[in-house]
$ cat query-v2.pdb   # PDB, C-alpha atoms and all ligand atoms
ATOM      1  CA  MET M   1    -111.227-103.876 113.803
ATOM      2  CA  SER M   2    -114.382-104.114 115.861
ATOM      3  CA  PRO M   3    -116.160-107.435 116.131
ATOM      4  CA  GLY M   4    -118.872-108.191 113.612
ATOM      5  CA  PHE M   5    -117.460-106.293 110.635
ATOM      6  CA  SER M   6    -115.546-107.835 107.764
ATOM      7  CA  SER M   7    -114.847-104.309 106.612
ATOM      8  CA  LEU M   8    -115.590-101.028 108.325
ATOM      9  CA  ASN M   9    -116.823 -98.384 105.915
ATOM     10  CA  LEU M  10    -117.545 -95.137 107.726
ATOM     11  CA  VAL M  11    -118.718 -91.717 106.615
ATOM     12  CA  LEU M  12    -118.401 -88.536 108.667
ATOM     13  CA  LEU M  13    -120.732 -85.636 107.933
ATOM     14  CA  GLY M  14    -120.921 -82.224 109.534
ATOM     15  CA  PRO M  15    -120.534 -78.518 108.871
ATOM     16  CA  PRO M  16    -117.103 -77.023 108.169
ATOM     17  CA  GLY M  17    -115.236 -76.684 111.453
ATOM     18  CA  SER M  18    -117.261 -79.384 113.222
ATOM     19  CA  GLY M  19    -114.166 -81.463 113.949
ATOM     20  CA  ARG M  20    -114.784 -83.957 111.164
ATOM     21  CA  SER M  21    -111.141 -84.328 110.185
ATOM     22  CA  THR M  22    -109.968 -84.678 113.806
ATOM     23  CA  GLN M  23    -112.483 -87.459 114.450
ATOM     24  CA  ALA M  24    -111.728 -89.131 111.124
ATOM     25  CA  ALA M  25    -108.018 -89.237 111.984
ATOM     26  CA  LEU M  26    -108.772 -90.824 115.378
ATOM     27  CA  LEU M  27    -111.016 -93.449 113.771
ATOM     28  CA  ALA M  28    -108.413 -94.244 111.129
ATOM     29  CA  GLU M  29    -105.816 -94.808 113.823
ATOM     30  CA  ARG M  30    -108.076 -96.859 116.098
ATOM     31  CA  TYR M  31    -109.401 -99.206 113.409
ATOM     32  CA  ARG M  32    -106.349 -99.108 111.124
ATOM     33  CA  ILE M  33    -108.281 -97.991 108.090
ATOM     34  CA  PRO M  34    -107.366 -95.156 105.707
ATOM     35  CA  HIS M  35    -108.659 -91.636 106.335
ATOM     36  CA  ILE M  36    -109.957 -90.309 103.045
ATOM     37  CA  SER M  37    -110.527 -86.563 103.038
ATOM     38  CA  THR M  38    -111.723 -84.878  99.864
ATOM     39  CA  GLY M  39    -110.485 -81.534 101.208
ATOM     40  CA  ASP M  40    -106.950 -82.956 101.525
ATOM     41  CA  MET M  41    -107.122 -84.677  98.137
ATOM     42  CA  LEU M  42    -108.236 -81.437  96.497
ATOM     43  CA  ARG M  43    -105.463 -79.445  98.200
ATOM     44  CA  ASP M  44    -102.977 -82.050  96.888
ATOM     45  CA  GLU M  45    -104.418 -81.515  93.442
ATOM     46  CA  ILE M  46    -103.782 -77.755  93.771
ATOM     47  CA  ASN M  47    -100.193 -78.367  94.902
ATOM     48  CA  LYS M  48     -99.514 -80.385  91.752
ATOM     49  CA  GLY M  49    -100.018 -77.150  89.797
ATOM     50  CA  THR M  50    -102.062 -78.770  87.028
ATOM     51  CA  THR M  51    -104.763 -77.003  85.002
ATOM     52  CA  ARG M  52    -107.310 -79.005  86.958
ATOM     53  CA  GLY M  53    -105.592 -77.822  90.164
ATOM     54  CA  LEU M  54    -106.149 -74.194  89.164
ATOM     55  CA  GLU M  55    -109.849 -74.825  88.650
ATOM     56  CA  VAL M  56    -110.045 -76.568  92.030
ATOM     57  CA  GLU M  57    -108.196 -73.705  93.730
ATOM     58  CA  GLU M  58    -110.638 -71.125  92.457
ATOM     59  CA  ALA M  59    -113.635 -73.005  93.890
ATOM     60  CA  LEU M  60    -111.886 -73.759  97.182
ATOM     61  CA  ASN M  61    -110.842 -70.184  97.845
ATOM     62  CA  LYS M  62    -114.386 -68.975  97.290
ATOM     63  CA  GLY M  63    -115.809 -71.694  99.549
ATOM     64  CA  GLU M  64    -117.792 -73.139  96.652
ATOM     65  CA  LEU M  65    -118.140 -76.828  95.876
ATOM     66  CA  VAL M  66    -115.678 -78.273  93.414
ATOM     67  CA  ASN M  67    -117.107 -79.752  90.231
ATOM     68  CA  ASN M  68    -118.783 -83.117  90.871
ATOM     69  CA  THR M  69    -116.927 -84.981  88.140
ATOM     70  CA  VAL M  70    -113.556 -84.010  89.586
ATOM     71  CA  VAL M  71    -114.449 -84.874  93.198
ATOM     72  CA  THR M  72    -116.273 -88.137  92.514
ATOM     73  CA  GLY M  73    -113.466 -89.190  90.156
ATOM     74  CA  LEU M  74    -110.859 -88.672  92.890
ATOM     75  CA  VAL M  75    -112.919 -90.470  95.548
ATOM     76  CA  LEU M  76    -113.827 -93.464  93.414
ATOM     77  CA  GLN M  77    -110.241 -93.963  92.338
ATOM     78  CA  ARG M  78    -109.128 -93.811  95.972
ATOM     79  CA  LEU M  79    -111.776 -96.292  97.189
ATOM     80  CA  ASP M  80    -110.613 -98.781  94.599
ATOM     81  CA  ALA M  81    -107.131 -98.930  96.155
ATOM     82  CA  GLU M  82    -105.955-102.078  97.933
ATOM     83  CA  ASP M  83    -105.788-100.491 101.395
ATOM     84  CA  CYS M  84    -109.550 -99.760 101.358
ATOM     85  CA  THR M  85    -110.658-103.382 101.241
ATOM     86  CA  ARG M  86    -110.726-103.596 105.059
ATOM     87  CA  GLY M  87    -112.617-100.348 105.306
ATOM     88  CA  PHE M  88    -112.175 -96.582 105.257
ATOM     89  CA  VAL M  89    -113.312 -93.419 106.930
ATOM     90  CA  LEU M  90    -114.564 -90.982 104.364
ATOM     91  CA  GLU M  91    -114.752 -87.317 105.333
ATOM     92  CA  GLY M  92    -115.818 -84.300 103.291
ATOM     93  CA  PHE M  93    -117.645 -86.607 100.895
ATOM     94  CA  PRO M  94    -120.493 -86.953 100.173
ATOM     95  CA  ARG M  95    -121.551 -83.327 100.417
ATOM     96  CA  SER M  96    -124.863 -83.653  98.578
ATOM     97  CA  ALA M  97    -127.549 -86.315  98.122
ATOM     98  CA  GLU M  98    -126.318 -86.652  94.554
ATOM     99  CA  GLN M  99    -122.788 -87.529  95.714
ATOM    100  CA  ALA M 100    -124.267 -89.941  98.289
ATOM    101  CA  ALA M 101    -126.132 -91.795  95.547
ATOM    102  CA  VAL M 102    -122.973 -92.041  93.425
ATOM    103  CA  LEU M 103    -121.088 -93.443  96.411
ATOM    104  CA  ASP M 104    -123.785 -96.036  97.148
ATOM    105  CA  GLY M 105    -123.835 -97.101  93.499
ATOM    106  CA  VAL M 106    -120.107 -97.667  93.413
ATOM    107  CA  LEU M 107    -120.001 -99.513  96.724
ATOM    108  CA  ALA M 108    -122.895-101.734  95.618
ATOM    109  CA  GLU M 109    -120.950-102.656  92.487
ATOM    110  CA  LEU M 110    -118.075-103.713  94.708
ATOM    111  CA  GLY M 111    -120.519-105.725  96.842
ATOM    112  CA  ARG M 112    -120.009-103.356  99.755
ATOM    113  CA  GLY M 113    -121.968-100.825 101.741
ATOM    114  CA  ILE M 114    -121.589 -98.216 104.461
ATOM    115  CA  GLU M 115    -121.710 -99.385 108.077
ATOM    116  CA  ARG M 116    -122.252 -96.050 109.827
ATOM    117  CA  VAL M 117    -122.774 -92.423 108.877
ATOM    118  CA  PHE M 118    -121.965 -90.009 111.690
ATOM    119  CA  LEU M 119    -123.319 -86.483 111.665
ATOM    120  CA  LEU M 120    -121.417 -84.032 113.870
ATOM    121  CA  GLU M 121    -123.917 -81.379 114.882
ATOM    122  CA  LEU M 122    -122.812 -77.846 115.720
ATOM    123  CA  SER M 123    -124.539 -74.449 115.638
ATOM    124  CA  ASP M 124    -123.442 -71.754 113.174
ATOM    125  CA  ASP M 125    -122.406 -69.506 116.081
ATOM    126  CA  GLU M 126    -120.099 -72.169 117.431
ATOM    127  CA  ILE M 127    -118.647 -72.788 113.956
ATOM    128  CA  VAL M 128    -117.836 -69.113 113.408
ATOM    129  CA  ARG M 129    -116.289 -68.936 116.896
ATOM    130  CA  ARG M 130    -114.092 -71.966 116.183
ATOM    131  CA  HIS M 131    -112.884 -70.546 112.877
ATOM    132  CA  ASP M 132    -111.957 -67.262 114.554
ATOM    133  CA  ASN M 133    -109.853 -69.223 117.061
ATOM    134  CA  ARG M 134    -108.041 -71.441 114.560
ATOM    135  CA  GLN M 135    -104.268 -71.241 115.009
ATOM    136  CA  VAL M 136    -103.303 -72.188 111.467
ATOM    137  CA  ARG M 137    -105.382 -70.379 108.895
ATOM    138  CA  ARG M 138    -105.994 -71.770 105.454
ATOM    139  CA  GLU M 139    -106.689 -69.475 102.527
ATOM    140  CA  ASP M 140    -110.314 -70.660 102.601
ATOM    141  CA  ASP M 141    -110.639 -69.682 106.279
ATOM    142  CA  ARG M 142    -111.227 -66.038 105.324
ATOM    143  CA  GLU M 143    -114.558 -64.849 106.673
ATOM    144  CA  GLU M 144    -116.330 -64.671 103.292
ATOM    145  CA  ALA M 145    -115.187 -68.169 102.370
ATOM    146  CA  VAL M 146    -116.325 -69.549 105.742
ATOM    147  CA  ARG M 147    -119.727 -67.909 105.268
ATOM    148  CA  GLU M 148    -119.996 -69.330 101.776
ATOM    149  CA  ARG M 149    -119.049 -72.825 103.003
ATOM    150  CA  LEU M 150    -121.775 -72.567 105.644
ATOM    151  CA  ARG M 151    -124.266 -71.355 103.060
ATOM    152  CA  VAL M 152    -123.441 -74.315 100.820
ATOM    153  CA  TYR M 153    -123.688 -76.669 103.797
ATOM    154  CA  HIS M 154    -127.167 -75.413 104.638
ATOM    155  CA  ALA M 155    -128.229 -75.624 101.004
ATOM    156  CA  GLU M 156    -127.003 -79.193 100.393
ATOM    157  CA  GLY M 157    -126.983 -80.584 103.952
ATOM    158  CA  PRO M 158    -130.687 -81.288 104.616
ATOM    159  CA  ALA M 159    -131.168 -83.464 101.506
ATOM    160  CA  LEU M 160    -127.918 -85.289 102.234
ATOM    161  CA  ILE M 161    -128.855 -85.919 105.871
ATOM    162  CA  ASP M 162    -132.333 -87.085 104.816
ATOM    163  CA  TYR M 163    -130.774 -89.494 102.342
ATOM    164  CA  TYR M 164    -129.004 -91.368 105.134
ATOM    165  CA  ARG M 165    -131.746 -90.893 107.726
ATOM    166  CA  LYS M 166    -134.263 -92.585 105.421
ATOM    167  CA  ARG M 167    -131.917 -95.527 105.064
ATOM    168  CA  GLY M 168    -131.532 -95.835 108.840
ATOM    169  CA  GLN M 169    -127.784 -95.220 108.627
ATOM    170  CA  LEU M 170    -127.520 -91.836 110.318
ATOM    171  CA  VAL M 171    -126.021 -91.480 113.795
ATOM    172  CA  PRO M 172    -126.259 -87.850 115.008
ATOM    173  CA  VAL M 173    -123.538 -86.825 117.463
ATOM    174  CA  ASN M 174    -123.304 -83.644 119.515
ATOM    175  CA  GLY M 175    -120.177 -82.016 118.044
ATOM    176  CA  SER M 176    -119.964 -79.203 120.596
ATOM    177  CA  ARG M 177    -118.349 -81.423 123.209
ATOM    178  CA  GLY M 178    -114.626 -82.072 123.574
ATOM    179  CA  VAL M 179    -112.616 -84.194 121.137
ATOM    180  CA  ASP M 180    -112.363 -87.170 123.540
ATOM    181  CA  GLU M 181    -116.035 -87.143 124.467
ATOM    182  CA  VAL M 182    -117.128 -87.005 120.831
ATOM    183  CA  SER M 183    -114.729 -89.784 119.939
ATOM    184  CA  ASP M 184    -116.066 -91.996 122.788
ATOM    185  CA  VAL M 185    -119.638 -91.560 121.573
ATOM    186  CA  ILE M 186    -118.625 -92.522 118.028
ATOM    187  CA  ARG M 187    -116.629 -95.532 119.188
ATOM    188  CA  GLN M 188    -119.539 -96.826 121.257
ATOM    189  CA  ALA M 189    -121.893 -96.483 118.305
ATOM    190  CA  ILE M 190    -119.512 -98.481 116.107
ATOM    191  CA  GLU M 191    -118.994-101.202 118.638
ATOM    192  CA  THR M 192    -122.649-101.586 119.617
ATOM    193  CA  PRO M 193    -124.443-103.853 117.164
ATOM    194  CA  VAL M 194    -127.390-102.211 115.377
ATOM    195  CA  GLY M 195    -130.802-103.068 116.835
ATOM    196  CA  VAL M 196    -129.544-103.922 120.327
TER     197      VAL M 196
HETATM  198  P1  LIG M 201    -114.301 -77.982 105.621
HETATM  199  O1  LIG M 201    -113.967 -78.629 106.933
HETATM  200  O2  LIG M 201    -114.333 -76.520 105.690
HETATM  201  O3  LIG M 201    -115.537 -78.543 105.031
HETATM  202  P2  LIG M 201    -112.702 -79.425 103.683
HETATM  203  O4  LIG M 201    -111.226 -79.550 103.792
HETATM  204  O5  LIG M 201    -113.531 -80.641 103.901
HETATM  205  O6  LIG M 201    -113.074 -78.264 104.681
HETATM  206  O7  LIG M 201    -113.113 -78.852 102.236
HETATM  207  C1  LIG M 201    -112.545 -77.683 101.728
HETATM  208  C2  LIG M 201    -113.146 -77.347 100.360
HETATM  209  O8  LIG M 201    -112.912 -78.422  99.424
HETATM  210  C3  LIG M 201    -114.655 -77.150 100.316
HETATM  211  O9  LIG M 201    -115.034 -75.854 100.723
HETATM  212  C4  LIG M 201    -114.949 -77.408  98.830
HETATM  213  O10 LIG M 201    -114.575 -76.309  98.036
HETATM  214  C5  LIG M 201    -113.991 -78.536  98.487
HETATM  215  N1  LIG M 201    -114.615 -79.870  98.653
HETATM  216  C6  LIG M 201    -114.293 -80.796  99.604
HETATM  217  N2  LIG M 201    -115.058 -81.894  99.489
HETATM  218  C7  LIG M 201    -115.889 -81.675  98.426
HETATM  219  C8  LIG M 201    -116.938 -82.427  97.813
HETATM  220  N3  LIG M 201    -117.291 -83.644  98.277
HETATM  221  N4  LIG M 201    -117.588 -81.891  96.743
HETATM  222  C9  LIG M 201    -117.249 -80.686  96.289
HETATM  223  N5  LIG M 201    -116.287 -79.905  96.826
HETATM  224  C10 LIG M 201    -115.601 -80.380  97.885
END
$ encode --input "query-v2.pdb" --output "structure tokens"
Amino acid sequence: MSPGFSSLNLVLLGPPGSGRSTQAALLAERYRIPHISTGDMLRDEINKGTTRGLEVEEALNKGELVNNTVVTGLVLQRLDAEDCTRGFVLEGFPRSAEQAAVLDGVLAELGRGIERVFLLELSDDEIVRRHDNRQVRREDDREEAVRERLRVYHAEGPALIDYYRKRGQLVPVNGSRGVDEVSDVIRQAIETPVGV
């Protein structure tokens, strides 16, 4: 845990393929806080083979957003768990200003807030190139699904980014650099007190 925080609540934003999950995993390990990924939680839901899982699968394979009630329900339940009291790194959520407002509302009720929101920035060209080079392909890595995920990101992203920028919480990070360089920049931002 870095000095100055009683709990470390972090959010990672960025387009699909920006390295969000890699950075979230590194943060979780470094600060010993859980890595909460809505993508992973939704894929778990599919693997359970429930009716809700089927609905989730359809949206995921098309690259569309999953129904807000389902996603926010999963996230809120997860944040309420004991292991999140010291903090968490949330990735893949929020994906819209609406989800961001829901998250803030719930954290406020718990008397908590978000310490930092990192935005990994990467051009569309670089994203498409990275997807083409991925070793392990997911079903939603098909070209049409990637394009749709990018389309959704560009539709919802600006309002979401503005939401956090207006609150002075946004830390933009150049996501085109290597994993270690990106992770160093994020670590420094966490460990440097705001306003110094
Ligand atoms: P990516 O890195 O491509 O964004 P994720 O694993 O984060 O991959 O998400 C995969 C899919 O899960 C998304 O395309 C979307 O269908 C669904 N999903 C994940 N998070 C959310 C969310 N917060 N709201 C709605 N749908 C979501």
$ closest_atom_pairs --input "query-v2.pdb" --of "chain M" --to "ligand LIG 201 (chain M)" --cutoff "8 Å" --atoms "only C-alpha atoms and all ligand atoms" --output "JSON lines"
{"residue": "M:Gly14", "atom": "CA", "partner": "M:LIG201", "partner_atom": "O3", "distance": 7.9}
{"residue": "M:Pro15", "atom": "CA", "partner": "M:LIG201", "partner_atom": "O3", "distance": 6.3}
{"residue": "M:Pro16", "atom": "CA", "partner": "M:LIG201", "partner_atom": "O1", "distance": 3.7}
{"residue": "M:Gly17", "atom": "CA", "partner": "M:LIG201", "partner_atom": "O1", "distance": 5.1}
{"residue": "M:Ser18", "atom": "CA", "partner": "M:LIG201", "partner_atom": "O1", "distance": 7.1}
{"residue": "M:Gly19", "atom": "CA", "partner": "M:LIG201", "partner_atom": "O1", "distance": 7.6}
{"residue": "M:Arg20", "atom": "CA", "partner": "M:LIG201", "partner_atom": "O1", "distance": 6.9}
{"residue": "M:Ser21", "atom": "CA", "partner": "M:LIG201", "partner_atom": "O1", "distance": 7.1}
{"residue": "M:Ser37", "atom": "CA", "partner": "M:LIG201", "partner_atom": "O5", "distance": 6.7}
{"residue": "M:Thr38", "atom": "CA", "partner": "M:LIG201", "partner_atom": "N2", "distance": 4.5}
{"residue": "M:Gly39", "atom": "CA", "partner": "M:LIG201", "partner_atom": "O4", "distance": 3.3}
{"residue": "M:Asp40", "atom": "CA", "partner": "M:LIG201", "partner_atom": "O4", "distance": 5.9}
{"residue": "M:Leu42", "atom": "CA", "partner": "M:LIG201", "partner_atom": "O8", "distance": 6.3}
{"residue": "M:Arg43", "atom": "CA", "partner": "M:LIG201", "partner_atom": "O8", "distance": 7.6}
{"residue": "M:Val56", "atom": "CA", "partner": "M:LIG201", "partner_atom": "O10", "distance": 7.5}
{"residue": "M:Ala59", "atom": "CA", "partner": "M:LIG201", "partner_atom": "O10", "distance": 5.4}
{"residue": "M:Leu60", "atom": "CA", "partner": "M:LIG201", "partner_atom": "O10", "distance": 3.8}
{"residue": "M:Asn61", "atom": "CA", "partner": "M:LIG201", "partner_atom": "O10", "distance": 7.2}
{"residue": "M:Lys62", "atom": "CA", "partner": "M:LIG201", "partner_atom": "O10", "distance": 7.4}
{"residue": "M:Gly63", "atom": "CA", "partner": "M:LIG201", "partner_atom": "O9", "distance": 4.4}
{"residue": "M:Glu64", "atom": "CA", "partner": "M:LIG201", "partner_atom": "O10", "distance": 4.7}
{"residue": "M:Leu65", "atom": "CA", "partner": "M:LIG201", "partner_atom": "N5", "distance": 3.7}
{"residue": "M:Val66", "atom": "CA", "partner": "M:LIG201", "partner_atom": "N5", "distance": 3.8}
{"residue": "M:Asn67", "atom": "CA", "partner": "M:LIG201", "partner_atom": "C9", "distance": 6.1}
{"residue": "M:Asn68", "atom": "CA", "partner": "M:LIG201", "partner_atom": "N4", "distance": 6.1}
{"residue": "M:Val71", "atom": "CA", "partner": "M:LIG201", "partner_atom": "N4", "distance": 5.6}
{"residue": "M:Thr72", "atom": "CA", "partner": "M:LIG201", "partner_atom": "N3", "distance": 7.4}
{"residue": "M:Glu91", "atom": "CA", "partner": "M:LIG201", "partner_atom": "O5", "distance": 6.9}
{"residue": "M:Gly92", "atom": "CA", "partner": "M:LIG201", "partner_atom": "O5", "distance": 4.4}
{"residue": "M:Phe93", "atom": "CA", "partner": "M:LIG201", "partner_atom": "N3", "distance": 4.0}
{"residue": "M:Pro94", "atom": "CA", "partner": "M:LIG201", "partner_atom": "N3", "distance": 5.0}
{"residue": "M:Arg95", "atom": "CA", "partner": "M:LIG201", "partner_atom": "N3", "distance": 4.8}
{"residue": "M:Ser96", "atom": "CA", "partner": "M:LIG201", "partner_atom": "N3", "distance": 7.6}
{"residue": "M:Gln99", "atom": "CA", "partner": "M:LIG201", "partner_atom": "N3", "distance": 7.2}
{"residue": "M:Asp140", "atom": "CA", "partner": "M:LIG201", "partner_atom": "O9", "distance": 7.3}
{"residue": "M:Asp141", "atom": "CA", "partner": "M:LIG201", "partner_atom": "O2", "distance": 7.8}
{"residue": "M:Ala145", "atom": "CA", "partner": "M:LIG201", "partner_atom": "O9", "distance": 7.9}
{"residue": "M:Val146", "atom": "CA", "partner": "M:LIG201", "partner_atom": "O2", "distance": 7.3}
{"residue": "M:Arg149", "atom": "CA", "partner": "M:LIG201", "partner_atom": "O9", "distance": 5.5}
$ write_last_selection --input "query-v2.pdb" --atoms "C-alpha atoms" --output "tab-separated table (two decimals), in the frame of the given file"
chain	number	residue	atom	x	y	z
M	14	GLY	CA	-120.92	-82.22	109.53
M	15	PRO	CA	-120.53	-78.52	108.87
M	16	PRO	CA	-117.10	-77.02	108.17
M	17	GLY	CA	-115.24	-76.68	111.45
M	18	SER	CA	-117.26	-79.38	113.22
M	19	GLY	CA	-114.17	-81.46	113.95
M	20	ARG	CA	-114.78	-83.96	111.16
M	21	SER	CA	-111.14	-84.33	110.18
M	37	SER	CA	-110.53	-86.56	103.04
M	38	THR	CA	-111.72	-84.88	99.86
M	39	GLY	CA	-110.48	-81.53	101.21
M	40	ASP	CA	-106.95	-82.96	101.52
M	42	LEU	CA	-108.24	-81.44	96.50
M	43	ARG	CA	-105.46	-79.44	98.20
M	56	VAL	CA	-110.04	-76.57	92.03
M	59	ALA	CA	-113.64	-73.00	93.89
M	60	LEU	CA	-111.89	-73.76	97.18
M	61	ASN	CA	-110.84	-70.18	97.84
M	62	LYS	CA	-114.39	-68.97	97.29
M	63	GLY	CA	-115.81	-71.69	99.55
M	64	GLU	CA	-117.79	-73.14	96.65
M	65	LEU	CA	-118.14	-76.83	95.88
M	66	VAL	CA	-115.68	-78.27	93.41
M	67	ASN	CA	-117.11	-79.75	90.23
M	68	ASN	CA	-118.78	-83.12	90.87
M	71	VAL	CA	-114.45	-84.87	93.20
M	72	THR	CA	-116.27	-88.14	92.51
M	91	GLU	CA	-114.75	-87.32	105.33
M	92	GLY	CA	-115.82	-84.30	103.29
M	93	PHE	CA	-117.64	-86.61	100.90
M	94	PRO	CA	-120.49	-86.95	100.17
M	95	ARG	CA	-121.55	-83.33	100.42
M	96	SER	CA	-124.86	-83.65	98.58
M	99	GLN	CA	-122.79	-87.53	95.71
M	140	ASP	CA	-110.31	-70.66	102.60
M	141	ASP	CA	-110.64	-69.68	106.28
M	145	ALA	CA	-115.19	-68.17	102.37
M	146	VAL	CA	-116.32	-69.55	105.74
M	149	ARG	CA	-119.05	-72.82	103.00
$ residues_around --input "query-v2.pdb" --residues "M:Gln169" --least-positions-apart "6" --cutoff "12 Å" --atoms "only C-alpha atoms" --output "ChimeraX atom specification"
/M:9-13,113-119,160-163,189-190,194-195
$ write_last_selection --input "query-v2.pdb" --atoms "C-alpha atoms" --output "PDB file, in the coordinates of the input"
ATOM      1  CA  ASN M   9    -116.823 -98.384 105.915  1.00  0.00           C
ATOM      2  CA  LEU M  10    -117.545 -95.137 107.726  1.00  0.00           C
ATOM      3  CA  VAL M  11    -118.718 -91.717 106.615  1.00  0.00           C
ATOM      4  CA  LEU M  12    -118.401 -88.536 108.667  1.00  0.00           C
ATOM      5  CA  LEU M  13    -120.732 -85.636 107.933  1.00  0.00           C
ATOM      6  CA  GLY M 113    -121.968-100.825 101.741  1.00  0.00           C
ATOM      7  CA  ILE M 114    -121.589 -98.216 104.461  1.00  0.00           C
ATOM      8  CA  GLU M 115    -121.710 -99.385 108.077  1.00  0.00           C
ATOM      9  CA  ARG M 116    -122.252 -96.050 109.827  1.00  0.00           C
ATOM     10  CA  VAL M 117    -122.774 -92.423 108.877  1.00  0.00           C
ATOM     11  CA  PHE M 118    -121.965 -90.009 111.690  1.00  0.00           C
ATOM     12  CA  LEU M 119    -123.319 -86.483 111.665  1.00  0.00           C
ATOM     13  CA  LEU M 160    -127.918 -85.289 102.234  1.00  0.00           C
ATOM     14  CA  ILE M 161    -128.855 -85.919 105.871  1.00  0.00           C
ATOM     15  CA  ASP M 162    -132.333 -87.085 104.816  1.00  0.00           C
ATOM     16  CA  TYR M 163    -130.774 -89.494 102.342  1.00  0.00           C
ATOM     17  CA  ALA M 189    -121.893 -96.483 118.305  1.00  0.00           C
ATOM     18  CA  ILE M 190    -119.512 -98.481 116.107  1.00  0.00           C
ATOM     19  CA  VAL M 194    -127.390-102.211 115.377  1.00  0.00           C
ATOM     20  CA  GLY M 195    -130.802-103.068 116.835  1.00  0.00           C
TER      21      GLY M 195
END
$ atom_distance --input "query-v2.pdb" --atom1 "atom CA of M:Leu120" --atom2 "atom CA of M:Val182"
8.7 Å
$ closest_residue --input "query-v2.pdb" --among "M:Val171, M:Leu103, M:Leu150, M:Val70" --to "M:Asp125" --atoms "all atoms listed in the file"
M:Leu150
$ atom_distance --input "query-v2.pdb" --atom1 "atom CA of M:His35" --atom2 "atom CA of M:Val89"
5.0 Å
$ atom_distance --input "query-v2.pdb" --atom1 "atom CA of M:Ser183" --atom2 "atom CA of M:Ala81"
26.6 Å
$ closest_residue --input "query-v2.pdb" --among "M:Leu74, M:Gln23, M:Tyr153, M:Gly87" --to "M:Asp44" --atoms "all atoms listed in the file"
M:Leu74
$ residues_around --input "query-v2.pdb" --residues "M:Ser176" --least-positions-apart "6" --cutoff "8 Å" --atoms "only C-alpha atoms" --output "list of chain:residue names"
M:Ser18, M:Glu121, M:Leu122, M:Glu126
$ closest_residue --input "query-v2.pdb" --among "M:Asp124, M:Glu156, M:Glu55, M:Glu139" --to "M:Gly175" --atoms "all atoms listed in the file"
M:Asp124
$ axis_aligned_box --input "query-v2.pdb" --around "stretch 52-56 of chain M" --padding-each-side "6 Å" --output "JSON"
{"center_x": -107.8, "center_y": -76.6, "center_z": 89.5, "size_x": 16.5, "size_y": 16.8, "size_z": 17.1}
$ closest_residue --input "query-v2.pdb" --among "M:Val179, M:Thr22, M:Arg187, M:Arg32" --to "M:Arg86" --atoms "only C-alpha atoms"
M:Arg32
$ decode --input "query-v2.pdb" --residues "stretch 24-63 of chain M" --atoms "C-alpha atoms" --output "short mmCIF file (atom, residue, chain, number, x, y, z; two decimals), in the first residue's frame"
data_model
loop_
_atom_site.label_atom_id
_atom_site.label_comp_id
_atom_site.auth_asym_id
_atom_site.auth_seq_id
_atom_site.Cartn_x
_atom_site.Cartn_y
_atom_site.Cartn_z
CA ALA M 24 -4.55 -3.88 -13.75
CA ALA M 25 -2.94 -7.23 -12.92
CA LEU M 26 0.40 -5.52 -12.17
CA LEU M 27 -1.30 -2.97 -9.91
CA ALA M 28 -3.22 -5.67 -8.08
CA GLU M 29 0.00 -7.54 -7.40
CA ARG M 30 2.00 -4.47 -6.36
CA TYR M 31 -0.59 -3.04 -3.97
CA ARG M 32 -2.19 -6.35 -2.94
CA ILE M 33 -5.67 -5.32 -3.94
CA PRO M 34 -8.15 -7.34 -6.02
CA HIS M 35 -8.25 -6.94 -9.80
CA ILE M 36 -11.88 -6.61 -10.80
CA SER M 37 -12.47 -7.06 -14.51
CA THR M 38 -16.01 -6.91 -15.86
CA GLY M 39 -14.87 -8.74 -18.99
CA ASP M 40 -13.65 -11.67 -16.86
CA MET M 41 -16.76 -11.62 -14.66
CA LEU M 42 -18.99 -11.70 -17.74
CA ARG M 43 -17.01 -14.57 -19.28
CA ASP M 44 -17.44 -16.46 -15.98
CA GLU M 45 -21.15 -15.82 -16.23
CA ILE M 46 -21.17 -17.36 -19.73
CA ASN M 47 -19.25 -20.42 -18.50
CA LYS M 48 -21.92 -21.06 -15.86
CA GLY M 49 -24.32 -21.76 -18.73
CA THR M 50 -27.23 -19.86 -17.18
CA THR M 51 -29.98 -18.11 -19.16
CA ARG M 52 -28.36 -14.83 -18.19
CA GLY M 53 -25.04 -16.23 -19.47
CA LEU M 54 -26.58 -16.83 -22.89
CA GLU M 55 -27.76 -13.24 -23.07
CA VAL M 56 -24.31 -12.02 -22.04
CA GLU M 57 -22.63 -14.25 -24.64
CA GLU M 58 -24.70 -12.83 -27.46
CA ALA M 59 -23.69 -9.25 -26.62
CA LEU M 60 -20.04 -10.15 -26.06
CA ASN M 61 -19.63 -11.98 -29.35
CA LYS M 62 -21.05 -9.03 -31.24
CA GLY M 63 -18.82 -6.58 -29.37
#
